[in-house]
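The next block is work.csv, given as CSV, C-alpha atoms.
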```csv
chain,number,residue,atom,x,y,z
X,5,MET,CA,0.0,0.0,0.0
X,6,ILE,CA,1.2,3.5,-0.8
X,7,GLN,CA,-0.3,6.9,-0.1
X,8,SER,CA,-1.1,9.2,-3.0
X,9,GLY,CA,-1.9,12.9,-3.0
X,10,LEU,CA,-3.0,15.3,-5.8
X,11,ILE,CA,-2.2,19.0,-6.1
X,12,GLN,CA,-4.8,20.4,-8.4
X,13,ASN,CA,-3.8,23.2,-10.8
X,14,ALA,CA,-0.3,23.5,-9.4
X,15,HIS,CA,0.9,25.7,-12.3
X,16,ASN,CA,-0.5,27.5,-15.2
X,17,ASP,CA,1.5,25.4,-17.6
X,18,LEU,CA,3.3,22.0,-17.9
X,19,VAL,CA,5.2,21.1,-14.7
X,20,THR,CA,8.8,20.3,-15.6
X,21,ASP,CA,10.2,19.1,-12.3
X,22,ALA,CA,9.3,18.4,-8.6
X,23,ALA,CA,11.8,17.9,-5.8
X,24,TYR,CA,11.3,17.1,-2.1
X,25,ASP,CA,13.4,18.6,0.6
X,26,PHE,CA,15.6,16.5,2.9
X,27,TYR,CA,12.8,15.7,5.3
X,28,GLY,CA,10.1,15.1,2.7
X,29,LEU,CA,7.8,17.8,4.2
X,30,ARG,CA,8.2,20.4,1.6
X,31,LEU,CA,8.0,20.2,-2.2
X,32,ALA,CA,9.5,22.5,-4.8
X,33,THR,CA,7.9,22.5,-8.3
X,34,CYS,CA,8.8,24.4,-11.5
X,35,SER,CA,7.1,24.9,-14.8
X,36,LEU,CA,7.1,26.2,-18.3
X,37,ASP,CA,5.3,29.2,-16.7
X,38,GLN,CA,8.7,30.4,-15.4
X,39,ARG,CA,7.6,30.1,-11.8
X,40,ILE,CA,8.8,28.2,-8.8
X,41,LYS,CA,6.3,27.1,-6.1
X,42,ILE,CA,7.0,25.8,-2.6
X,43,TRP,CA,4.5,23.4,-1.0
X,44,ARG,CA,4.3,22.2,2.6
X,45,LEU,CA,2.7,19.0,3.7
X,46,ASN,CA,-0.1,19.2,6.3
X,47,GLU,CA,0.7,16.0,8.2
X,48,SER,CA,-2.7,16.0,9.9
X,49,ASN,CA,-4.7,15.6,6.7
X,50,GLY,CA,-2.1,14.7,4.1
X,51,THR,CA,-2.7,17.8,1.8
X,52,TRP,CA,-0.1,20.1,0.3
X,53,ASN,CA,-0.5,23.8,0.8
X,54,SER,CA,1.2,26.5,-1.2
X,55,GLU,CA,3.8,28.3,0.9
X,56,ASP,CA,5.5,30.6,-1.7
X,57,ASP,CA,5.2,31.3,-5.4
X,58,TRP,CA,7.4,33.6,-7.5
X,59,LYS,CA,8.6,34.2,-11.1
X,60,ALA,CA,12.2,32.8,-11.1
X,61,HIS,CA,13.4,33.0,-14.7
X,62,ASP,CA,12.9,34.6,-18.0
X,63,ALA,CA,12.1,31.3,-19.8
X,64,ALA,CA,10.9,27.8,-19.0
X,65,ILE,CA,12.5,26.3,-15.9
X,66,SER,CA,13.9,22.8,-16.4
X,67,LYS,CA,15.0,21.6,-12.9
X,68,VAL,CA,14.9,22.5,-9.3
X,69,HIS,CA,17.0,21.0,-6.4
X,70,TRP,CA,17.3,21.4,-2.7
X,71,ALA,CA,20.7,21.7,-0.9
X,72,HIS,CA,21.3,19.8,2.3
X,73,PRO,CA,19.7,21.5,5.3
X,74,GLU,CA,23.0,22.0,7.1
X,75,PHE,CA,23.7,24.8,4.6
X,76,GLY,CA,20.3,26.4,5.2
X,77,SER,CA,17.1,26.5,3.3
X,78,ILE,CA,18.6,26.8,-0.3
X,79,ILE,CA,17.4,25.7,-3.7
X,80,ALA,CA,18.9,25.9,-7.2
X,81,SER,CA,17.0,26.2,-10.4
X,82,SER,CA,18.0,25.8,-14.0
X,83,SER,CA,16.3,27.3,-17.1
X,84,PHE,CA,16.1,27.6,-20.8
X,85,ASP,CA,17.3,31.2,-20.3
X,86,ARG,CA,20.8,29.7,-20.0
X,87,THR,CA,21.2,30.5,-16.3
X,88,VAL,CA,21.3,28.7,-12.9
X,89,LYS,CA,20.0,30.6,-10.0
X,90,ILE,CA,20.5,30.1,-6.3
X,91,TRP,CA,17.7,30.9,-3.9
X,92,GLU,CA,17.7,31.2,-0.1
X,93,GLU,CA,14.7,31.4,2.2
X,94,THR,CA,14.9,34.3,4.6
X,95,SER,CA,12.8,35.7,7.4
X,96,VAL,CA,11.1,39.0,6.8
X,97,GLU,CA,9.4,41.1,9.5
X,98,THR,CA,6.1,42.4,8.1
X,99,ASP,CA,4.8,45.9,8.7
X,100,SER,CA,2.8,46.1,12.0
X,101,GLN,CA,0.3,48.6,10.4
X,102,ALA,CA,-0.4,46.1,7.6
X,103,ASN,CA,-1.6,43.6,10.2
X,104,GLY,CA,-4.1,46.0,11.7
X,105,ASN,CA,-3.5,44.9,15.2
X,106,GLY,CA,-0.3,46.8,15.8
X,107,ALA,CA,1.8,43.6,16.3
X,108,SER,CA,4.5,42.7,13.8
X,109,SER,CA,4.9,39.2,12.5
X,110,VAL,CA,7.7,37.2,10.7
X,111,ALA,CA,7.2,35.7,7.3
X,112,SER,CA,9.5,33.8,5.0
X,113,ARG,CA,10.6,35.0,1.5
X,114,TRP,CA,12.9,33.4,-1.1
X,115,VAL,CA,15.7,35.7,-2.2
X,116,GLU,CA,17.9,35.4,-5.2
X,117,ARG,CA,21.5,35.0,-4.0
X,118,GLY,CA,23.4,34.1,-7.2
X,119,VAL,CA,23.1,33.8,-11.0
X,120,LEU,CA,25.5,31.5,-12.9
X,121,VAL,CA,25.7,32.5,-16.5
X,122,GLU,CA,28.6,30.4,-18.0
X,123,ALA,CA,26.3,28.1,-20.0
X,124,LYS,CA,26.3,28.5,-23.8
X,125,GLY,CA,23.1,26.6,-24.2
X,126,THR,CA,19.9,25.9,-22.3
X,127,VAL,CA,20.6,24.5,-18.9
X,128,ARG,CA,18.8,21.2,-18.5
X,129,GLY,CA,19.9,19.9,-15.2
X,130,VAL,CA,21.1,21.1,-11.8
X,131,GLU,CA,22.0,19.2,-8.6
X,132,PHE,CA,23.8,20.0,-5.3
X,133,GLY,CA,26.6,17.6,-4.4
X,134,PRO,CA,26.7,15.5,-1.3
X,135,ARG,CA,27.2,17.5,1.8
X,136,HIS,CA,30.5,15.9,2.8
X,137,PHE,CA,32.1,17.7,-0.2
X,138,GLY,CA,30.9,21.1,0.9
X,139,LEU,CA,28.4,23.4,-0.8
X,140,LYS,CA,28.9,22.3,-4.5
X,141,LEU,CA,26.6,22.5,-7.4
X,142,ALA,CA,26.6,20.6,-10.8
X,143,SER,CA,24.8,21.7,-13.9
X,144,ILE,CA,24.6,20.4,-17.4
X,145,SER,CA,23.4,22.3,-20.5
X,146,SER,CA,22.7,21.7,-24.2
X,147,ASP,CA,26.2,22.8,-25.1
X,148,ASN,CA,27.2,19.4,-23.6
X,149,TYR,CA,29.3,20.8,-20.8
X,150,LEU,CA,29.1,19.7,-17.2
X,151,ARG,CA,30.0,22.5,-14.9
X,152,ILE,CA,30.9,22.3,-11.2
X,153,TYR,CA,30.5,25.3,-9.0
X,154,GLU,CA,31.7,25.8,-5.4
X,155,CYS,CA,30.4,28.4,-3.0
X,156,LEU,CA,33.2,30.5,-1.6
X,157,GLU,CA,31.1,32.5,0.8
X,158,GLN,CA,28.6,30.2,2.4
X,159,PRO,CA,26.9,32.7,4.8
X,160,SER,CA,26.1,35.1,1.9
X,161,LEU,CA,25.9,32.6,-1.0
X,162,THR,CA,26.9,35.4,-3.4
X,163,THR,CA,30.3,34.1,-4.7
X,164,TRP,CA,30.3,30.9,-6.7
X,165,GLN,CA,33.5,29.7,-8.3
X,166,LEU,CA,33.4,27.6,-11.5
X,167,SER,CA,35.9,24.9,-10.5
X,168,GLU,CA,35.4,22.4,-13.3
X,169,GLU,CA,34.1,22.6,-16.9
X,170,VAL,CA,33.9,19.2,-18.7
X,171,ASP,CA,32.8,18.5,-22.3
X,172,VAL,CA,30.8,15.3,-21.6
X,173,GLN,CA,30.9,14.1,-25.2
X,174,ALA,CA,34.6,14.7,-25.7
X,175,ILE,CA,35.9,13.2,-22.5
X,176,SER,CA,37.0,9.6,-23.1
X,177,ALA,CA,36.4,6.7,-20.7
X,178,SER,CA,39.7,5.3,-19.4
X,179,SER,CA,41.1,3.6,-16.3
X,180,PRO,CA,41.8,5.8,-13.3
X,181,VAL,CA,45.3,4.4,-13.2
X,182,ALA,CA,46.1,6.3,-16.4
X,183,THR,CA,45.2,9.7,-14.9
X,184,SER,CA,48.2,10.1,-12.5
X,185,LEU,CA,49.9,12.6,-14.8
X,186,SER,CA,46.9,14.8,-15.2
X,187,HIS,CA,47.0,18.4,-13.9
X,188,THR,CA,44.6,20.9,-12.4
X,189,VAL,CA,42.1,22.6,-14.6
X,190,ALA,CA,42.7,26.4,-14.3
X,191,LEU,CA,39.1,27.5,-14.5
X,192,ALA,CA,38.1,29.6,-11.5
X,193,THR,CA,36.0,32.6,-12.4
X,194,PRO,CA,33.8,34.1,-9.7
X,195,THR,CA,30.3,34.2,-11.0
X,196,GLN,CA,28.4,37.5,-11.5
X,197,THR,CA,25.5,37.7,-9.1
X,198,HIS,CA,23.7,40.2,-11.3
X,199,ALA,CA,24.4,39.9,-15.0
X,200,SER,CA,22.6,41.1,-18.1
X,201,LEU,CA,21.4,38.1,-20.2
X,202,ASP,CA,21.9,39.4,-23.7
X,203,ALA,CA,21.4,36.0,-25.2
X,204,THR,CA,18.2,35.3,-23.2
X,205,ASN,CA,15.1,34.7,-25.3
X,206,PRO,CA,11.9,33.6,-23.6
X,207,SER,CA,11.0,31.6,-26.6
X,208,LEU,CA,14.1,29.4,-26.4
X,209,VAL,CA,12.1,26.4,-25.3
X,210,ALA,CA,9.6,26.8,-28.2
X,211,HIS,CA,12.5,27.2,-30.6
X,212,ALA,CA,14.1,24.0,-29.4
X,213,LEU,CA,10.9,22.1,-29.9
X,214,GLN,CA,10.4,23.5,-33.3
X,215,GLN,CA,13.8,22.3,-34.4
X,216,SER,CA,12.6,18.7,-34.2
X,217,GLN,CA,9.6,19.5,-36.4
X,218,ASN,CA,11.7,21.1,-39.1
X,219,GLN,CA,13.6,17.8,-39.7
X,220,THR,CA,12.5,14.3,-40.6
X,221,PRO,CA,14.5,11.8,-38.5
X,222,SER,CA,14.3,8.2,-39.5
X,223,ARG,CA,12.6,7.2,-36.3
X,224,PRO,CA,11.4,8.9,-33.0
X,225,GLY,CA,14.2,9.8,-30.7
X,226,MET,CA,16.9,10.2,-33.3
X,227,GLY,CA,18.6,13.3,-34.5
X,228,ASN,CA,21.2,15.9,-33.3
X,229,ARG,CA,19.1,18.9,-32.3
X,230,GLU,CA,18.1,20.0,-28.9
X,231,ALA,CA,14.7,18.5,-28.9
X,232,ASP,CA,16.1,15.0,-29.7
X,233,GLY,CA,18.8,15.0,-27.0
X,234,GLY,CA,19.0,14.4,-23.3
X,235,TRP,CA,21.0,16.1,-20.7
X,236,CYS,CA,21.1,14.7,-17.1
X,237,ILE,CA,23.4,14.4,-14.1
X,238,SER,CA,23.4,12.5,-10.8
X,239,TRP,CA,26.0,12.6,-8.0
X,240,CYS,CA,27.4,9.5,-6.3
X,241,LYS,CA,26.2,9.7,-2.6
X,242,ASP,CA,29.1,7.6,-1.2
X,243,LYS,CA,31.9,9.6,0.3
X,244,TYR,CA,34.4,6.7,0.1
X,245,TRP,CA,35.0,6.9,-3.7
X,246,GLY,CA,35.4,10.7,-3.8
X,247,GLU,CA,33.6,13.1,-6.1
X,248,LEU,CA,31.9,11.0,-8.8
X,249,ILE,CA,29.1,12.1,-11.1
X,250,ALA,CA,27.1,10.3,-13.8
X,251,ALA,CA,26.4,12.5,-16.8
X,252,GLY,CA,24.6,12.1,-20.1
X,253,ALA,CA,24.6,14.6,-22.9
X,254,GLY,CA,23.3,14.8,-26.5
X,255,VAL,CA,21.9,11.9,-28.5
X,256,SER,CA,24.6,9.3,-27.9
X,257,GLY,CA,22.6,7.3,-25.4
X,258,VAL,CA,25.7,6.9,-23.3
X,259,VAL,CA,26.1,7.9,-19.6
X,260,LYS,CA,29.7,8.6,-18.4
X,261,ILE,CA,31.0,8.2,-14.9
X,262,ILE,CA,33.2,11.2,-14.3
X,263,GLN,CA,35.7,11.5,-11.4
X,264,LEU,CA,36.5,15.0,-10.1
X,265,THR,CA,39.7,15.5,-8.1
X,266,PRO,CA,41.3,18.8,-7.0
X,267,ALA,CA,44.8,17.7,-8.1
X,268,ARG,CA,44.1,16.7,-11.7
X,269,ARG,CA,41.8,17.0,-14.7
X,270,PRO,CA,38.4,15.2,-14.6
X,271,VAL,CA,38.5,11.7,-16.1
X,272,ALA,CA,35.7,9.4,-17.3
X,273,LEU,CA,36.1,6.2,-15.4
X,274,LEU,CA,33.5,4.3,-17.4
X,275,ALA,CA,30.9,4.7,-20.2
X,276,LEU,CA,27.5,3.1,-19.7
X,277,ASP,CA,26.6,2.2,-23.3
X,278,PRO,CA,23.4,0.0,-23.6
X,279,TYR,CA,24.1,-0.5,-27.3
X,280,ALA,CA,27.5,-2.1,-26.8
X,281,SER,CA,27.3,-5.9,-26.7
X,282,GLU,CA,30.2,-6.5,-24.4
X,283,GLY,CA,29.9,-6.3,-20.6
X,284,THR,CA,26.1,-6.5,-20.4
X,285,ALA,CA,24.3,-9.1,-18.4
X,286,VAL,CA,21.1,-8.4,-20.3
X,287,PRO,CA,21.3,-8.3,-24.1
X,288,PRO,CA,20.5,-4.8,-25.5
X,289,ALA,CA,17.0,-4.4,-26.8
X,290,GLU,CA,16.4,-5.2,-30.5
X,291,SER,CA,16.0,-2.1,-32.5
X,292,GLU,CA,16.1,-0.8,-36.1
X,293,GLY,CA,19.8,-0.5,-36.9
X,294,THR,CA,22.2,0.7,-34.2
X,295,ALA,CA,21.2,4.3,-33.8
X,296,PRO,CA,20.9,5.1,-30.1
X,297,TYR,CA,18.2,7.0,-28.2
X,298,ALA,CA,19.1,9.8,-25.9
X,299,VAL,CA,19.2,9.3,-22.1
X,300,THR,CA,16.8,11.8,-20.5
X,301,SER,CA,17.3,10.9,-16.8
X,302,VAL,CA,19.9,9.2,-14.6
X,303,SER,CA,19.9,8.4,-10.9
X,304,TRP,CA,22.7,7.1,-8.7
X,305,ALA,CA,21.4,4.9,-5.9
X,306,PRO,CA,22.6,5.3,-2.3
X,307,SER,CA,25.0,2.5,-1.7
X,308,CYS,CA,23.8,1.5,1.8
X,309,GLY,CA,26.8,-0.8,2.4
X,310,ARG,CA,26.8,-2.5,-0.9
X,311,SER,CA,30.1,-3.4,-2.5
X,312,TYR,CA,28.9,-2.1,-5.9
X,313,HIS,CA,26.8,0.8,-7.2
X,314,MET,CA,23.4,0.9,-8.8
X,315,ILE,CA,22.6,3.4,-11.5
X,316,ALA,CA,19.3,3.8,-13.2
X,317,THR,CA,18.7,5.5,-16.6
X,318,GLY,CA,15.6,6.4,-18.5
X,319,SER,CA,15.6,7.2,-22.3
X,320,ARG,CA,13.6,8.4,-25.2
X,321,ASP,CA,12.9,4.9,-26.4
X,322,GLY,CA,10.8,4.4,-23.3
X,323,ARG,CA,13.2,2.0,-21.6
X,324,VAL,CA,14.3,2.0,-18.0
X,325,ARG,CA,17.6,0.3,-17.4
X,326,ILE,CA,19.4,-0.5,-14.1
X,327,TRP,CA,23.2,-0.8,-14.2
X,328,ARG,CA,25.3,-2.6,-11.6
X,329,VAL,CA,28.6,-0.8,-11.5
X,330,LYS,CA,31.6,-2.4,-9.8
X,331,PRO,CA,34.5,-0.3,-8.6
X,332,PRO,CA,38.1,-1.5,-9.0
X,333,ALA,CA,39.1,-4.7,-7.1
X,334,GLN,CA,40.0,-4.2,-3.4
X,335,LEU,CA,43.0,-5.8,-1.8
X,336,ASN,CA,42.5,-8.7,0.6
X,337,ASP,CA,44.2,-9.1,3.9
X,338,LEU,CA,47.4,-10.3,2.2
X,339,GLY,CA,47.6,-7.1,0.1
X,340,MET,CA,46.7,-9.0,-3.1
X,341,SER,CA,44.0,-8.2,-5.6
X,342,MET,CA,41.1,-10.5,-5.7
X,343,LEU,CA,40.7,-10.1,-9.5
X,344,GLY,CA,42.9,-10.8,-12.5
X,345,GLU,CA,45.4,-8.3,-13.9
X,346,GLU,CA,43.0,-7.4,-16.7
X,347,GLU,CA,40.2,-6.3,-14.3
X,348,GLU,CA,42.4,-4.8,-11.7
X,349,GLY,CA,42.1,-1.0,-11.4
X,350,LYS,CA,39.1,-0.9,-13.8
X,351,TRP,CA,35.4,0.0,-13.2
X,352,THR,CA,33.0,-2.4,-14.9
X,353,ALA,CA,29.3,-2.3,-15.4
X,354,THR,CA,26.5,-4.7,-16.5
X,355,ILE,CA,22.8,-4.2,-17.2
X,356,VAL,CA,20.8,-6.1,-14.6
X,357,ALA,CA,17.4,-4.9,-15.7
X,358,ASP,CA,15.9,-3.5,-18.9
X,359,PHE,CA,12.2,-2.5,-18.9
X,360,ASP,CA,10.1,-1.1,-21.8
X,361,ASP,CA,6.7,-0.8,-20.0
X,362,HIS,CA,6.4,2.9,-20.5
X,363,LYS,CA,6.5,2.6,-24.3
X,364,LEU,CA,7.0,6.3,-24.5
X,365,THR,CA,9.8,8.7,-23.4
X,366,VAL,CA,10.9,8.3,-19.8
X,367,GLY,CA,11.1,11.7,-18.1
X,368,ARG,CA,12.5,10.8,-14.7
X,369,VAL,CA,14.0,7.9,-12.7
X,370,GLU,CA,14.6,8.2,-9.0
X,371,TRP,CA,15.7,5.8,-6.2
X,372,ASN,CA,14.2,5.6,-2.7
X,373,ILE,CA,16.4,6.5,0.3
X,374,THR,CA,17.9,3.0,0.6
X,375,GLY,CA,18.4,2.4,-3.1
X,376,THR,CA,16.1,-0.7,-3.0
X,377,VAL,CA,13.1,0.7,-5.0
X,378,LEU,CA,13.2,2.6,-8.2
X,379,SER,CA,10.5,4.8,-9.5
X,380,SER,CA,10.1,6.0,-13.1
X,381,ALA,CA,7.8,8.5,-14.8
X,382,GLY,CA,7.0,8.5,-18.5
X,383,ASN,CA,4.9,10.1,-21.1
X,384,ASP,CA,2.4,7.3,-20.7
X,385,GLY,CA,1.1,9.2,-17.7
X,386,ARG,CA,2.3,6.6,-15.2
X,387,VAL,CA,4.7,6.4,-12.3
X,388,ARG,CA,6.1,2.9,-12.2
X,389,LEU,CA,7.9,1.2,-9.3
X,390,TRP,CA,10.6,-1.5,-9.7
X,391,LYS,CA,12.0,-3.7,-7.0
X,392,ALA,CA,14.5,-6.6,-6.7
X,393,THR,CA,13.0,-10.0,-5.8
X,394,VAL,CA,14.7,-13.2,-4.7
X,395,GLY,CA,18.0,-13.7,-6.5
X,396,ASN,CA,18.3,-10.0,-7.3
X,397,VAL,CA,15.8,-10.3,-10.2
X,398,TRP,CA,14.2,-6.9,-10.8
X,399,ARG,CA,10.5,-6.9,-11.4
X,400,ALA,CA,7.6,-4.4,-11.6
X,401,ALA,CA,6.2,-3.6,-8.2
X,402,GLY,CA,3.2,-1.6,-9.4
X,403,HIS,CA,2.3,1.7,-11.0
X,404,LEU,CA,0.3,4.8,-10.2
X,405,SER,CA,-1.6,7.0,-12.7
X,406,VAL,CA,-3.2,10.4,-12.4
X,407,GLU,CA,-6.6,8.7,-12.8
X,408,GLN,CA,-5.9,6.5,-9.8
X,409,ALA,CA,-4.9,9.5,-7.7
X,410,GLU,CA,-8.0,11.4,-8.6
X,411,GLU,CA,-10.3,8.5,-7.8
X,412,SER,CA,-8.7,7.7,-4.4
X,413,GLN,CA,-6.5,10.2,-2.7
X,414,GLY,CA,-5.2,7.9,0.0
X,415,ASP,CA,-4.0,4.3,0.2
X,416,ILE,CA,-3.7,2.5,-3.1
X,417,ASP,CA,-3.2,-1.2,-3.3
X,418,MET,CA,-0.2,-1.7,-5.5
X,419,GLU,CA,-0.9,-5.4,-6.0
X,420,ASN,CA,-4.1,-4.4,-7.9
X,421,ALA,CA,-2.4,-1.6,-9.6
X,422,VAL,CA,0.2,-3.8,-11.3
X,423,ALA,CA,-2.1,-4.8,-14.1
X,424,ASP,CA,-2.9,-2.2,-16.7
```
Rewrite the structure from the file as structure tokens, please.
Amino acid sequence: MIQSGLIQNAHNDLVTDAAYDFYGLRLATCSLDQRIKIWRLNESNGTWNSEDDWKAHDAAISKVHWAHPEFGSIIASSSFDRTVKIWEETSVETDSQANGNGASSVASRWVERGVLVEAKGTVRGVEFGPRHFGLKLASISSDNYLRIYECLEQPSLTTWQLSEEVDVQAISASSPVATSLSHTVALATPTQTHASLDATNPSLVAHALQQSQNQTPSRPGMGNREADGGWCISWCKDKYWGELIAAGAGVSGVVKIIQLTPARRPVALLALDPYASEGTAVPPAESEGTAPYAVTSVSWAPSCGRSYHMIATGSRDGRVRIWRVKPPAQLNDLGMSMLGEEEEGKWTATIVADFDDHKLTVGRVEWNITGTVLSSAGNDGRVRLWKATVGNVWRAAGHLSVEQAEESQGDIDMENAVAD
């Protein structure tokens, strides 16, 4: 049984993203209407009430993400206006005369603290890094660049340094052993907090969608324009392996595992390519030719003590794939590797599950807090749940549609919801 809730008329246009805060009691949503809304859960009756609402960008907003609460109440938003903005919730004392009773009250308000303007294309993804690495932020845009920012003044949040800038498509996957001679990237430009956006055009999102209509690809999902691609990122939550991030860009259908270290250039440890026949536990899906579909979403599962990592991807071909990623071999008590020389020092990955239930483009994949249940949302109008059964065989655990939420805002029997 799961509980469902429905927020009617949340925005005036298509909702592009929704993100819970650390405690799951507040929800941030963004939309094509260029607005961000903050909702708070009423735990007594299970309803969501609007807390704040403001125009955040000059074009459609693509993503919104919360920072860890130890840094304060902070969110980041990315947009088709080619910017990333940092917002902080502050307390504001209202005018006593406005209250009519002579007593002042304290209200909260979201204030813009920074604007990051380095992107040369529409910004499609933004995500704060794990808290143990400090207040860091990753973004990816349609220029295929992954950018990592670090806050230099945490109390004020006004100075953000661009510490890394990586061309996701150009960086090649290689063993971490071969990166010992790399050097530090000299890219550290404080970001303007108030910049004029000369290249900003509110119709950028419409233009990107029109590009796909002006061409005739051989099948849906193919092409090389913005509307055919996918740009997504997800941090590794495990501190032990350092700063790792999974990133997908363009129409290649490949997600790369990129390692970030202060002492040398970023390096791609591994490429997750579902169309490569080698190294996959599950054969790739049969398709017309070998042309790939863009990956639209990626999610790195919390490790929770596992000796391997789980990474989920969703793509334009409607498929949800789960990858099992194994780090380099560890030494045993005798100081010897437990694998052969060919596998020593290398990251490896296999597909352990491949589902096509959505049939249409998958917009989002996300793990639960323990990394044991995966949820996916697609253009078929359903949120589907996936869970490993006995023998680590992944199977469907049920689905939820808008129609089900409207009919019964409360407990839903997932066993009965499995069948379409």
### For atom CA of Ser145 of chain X and atom CA of Ser66 of chain X, the interatomic separation in Å (one decimal)
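Computing the Euclidean distance for atom CA of Ser145 of chain X and atom CA of Ser66 of chain X yields 10.4 Å.
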### Query
Which of these, X:Ile261, X:Ala71, X:Val255, X:Ile78, has the shortest distance to Pro134 of chain X once you count all atoms listed in the file?
X:Ala71
### Message
Calculated over all atoms listed in the file, which of the candidates X:Ile79, X:Leu248, X:Val299, X:Val119 has the smallest distance to Thr163 of chain X?
### Response
X:Val119
Would you list the contacts of Val19 of chain X as an mmCIF file with C-alpha atoms, keeping the file's coordinate frame, taking every protein, DNA or RNA residue within 7 Å and counting all atoms listed in the file, but skipping same-chain residues closer than 5 positions in sequence?
```
data_model
loop_
_atom_site.group_PDB
_atom_site.id
_atom_site.type_symbol
_atom_site.label_atom_id
_atom_site.label_comp_id
_atom_site.auth_asym_id
_atom_site.auth_seq_id
_atom_site.Cartn_x
_atom_site.Cartn_y
_atom_site.Cartn_z
ATOM 1 C CA CYS X 34 8.800 24.400 -11.500
ATOM 2 C CA SER X 35 7.100 24.900 -14.800
ATOM 3 C CA LEU X 36 7.100 26.200 -18.300
#
```
#### Entry: Atom pair atom CA of Ser77 of chain X / atom CA of Arg128 of chain X: separation (Å)
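It comes out at 22.5 Å.
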#### Entry: Residues near Lys67 of chain X, cut-off 12 Å, only C-alpha atoms, skip fewer than 2 positions along chain, as a PyMOL selection string
chain X and resi 19-23+32-36+38-40+60-61+64-65+69-70+79-84+87-89+126-132+142-145+235-237+301+367-368
Residue contacts of Trp43 of chain X (9 Å, only C-alpha atoms) excluding same-chain residues fewer than 3 positions away, as an mmCIF file with C-alpha atoms, in the frame of the given file:
```cif
data_model
loop_
_atom_site.group_PDB
_atom_site.id
_atom_site.type_symbol
_atom_site.label_atom_id
_atom_site.label_comp_id
_atom_site.auth_asym_id
_atom_site.auth_seq_id
_atom_site.Cartn_x
_atom_site.Cartn_y
_atom_site.Cartn_z
ATOM 1 C CA LEU X 29 7.800 17.800 4.200
ATOM 2 C CA ARG X 30 8.200 20.400 1.600
ATOM 3 C CA LEU X 31 8.000 20.200 -2.200
ATOM 4 C CA ALA X 32 9.500 22.500 -4.800
ATOM 5 C CA THR X 33 7.900 22.500 -8.300
ATOM 6 C CA TRP X 52 -0.100 20.100 0.300
ATOM 7 C CA ASN X 53 -0.500 23.800 0.800
ATOM 8 C CA SER X 54 1.200 26.500 -1.200
ATOM 9 C CA GLU X 55 3.800 28.300 0.900
ATOM 10 C CA ASP X 56 5.500 30.600 -1.700
#
```
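Reported to one decimal place, the separation of atom CA of Leu18 of chain X from atom CA of Thr300 of chain X is 17.1 Å.
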#### Entry: X:Asn16, X:Ser319, X:Ser303, X:Gln263 ranked by distance to Ala177 of chain X, top pick (using all atoms listed in the file)
X:Gln263
### Query
Hey, what's within 8 Å of Arg388 of chain X if we count only C-alpha atoms and toss same-chain stuff fewer than 2 positions away? As a VMD selection string, please?
chain X and resid 379 to 381 386 390 400 to 404
### Query
Using only C-alpha atoms, which of the listed residues (X:Phe75, X:Gly118, X:Ala123, X:Val110) sits closest to Pro159 of chain X?
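The shortest atom-to-atom distance to Pro159 of chain X comes from X:Phe75.
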### Task
Quick one: everything within 7 Å of Ala111 of chain X, counting all atoms listed in the file, minus sequence neighbours fewer than 5 positions away in the same chain. Send it as a ChimeraX atom specification.
/X:95-98
Take the selection from the previous step and output its residues with C-alpha atoms, as a PDB file, in the coordinates of the input.
```
ATOM      1  CA  SER X  95      12.800  35.700   7.400  1.00  0.00           C
ATOM      2  CA  VAL X  96      11.100  39.000   6.800  1.00  0.00           C
ATOM      3  CA  GLU X  97       9.400  41.100   9.500  1.00  0.00           C
ATOM      4  CA  THR X  98       6.100  42.400   8.100  1.00  0.00           C
TER       5      THR X  98
END
```
### Query
Nearest to Leu274 of chain X: which of X:Ile326, X:Ala253, X:Ala353, X:Ile315 is it, counting only C-alpha atoms?
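Looking at the shortest contact to Leu274 of chain X, the residue is X:Ala353.
If only C-alpha atoms are the atoms counted, then among X:Ser146, X:Gln158, X:Ser48, X:Asn372 the closest residue to Glu92 of chain X is X:Gln158.
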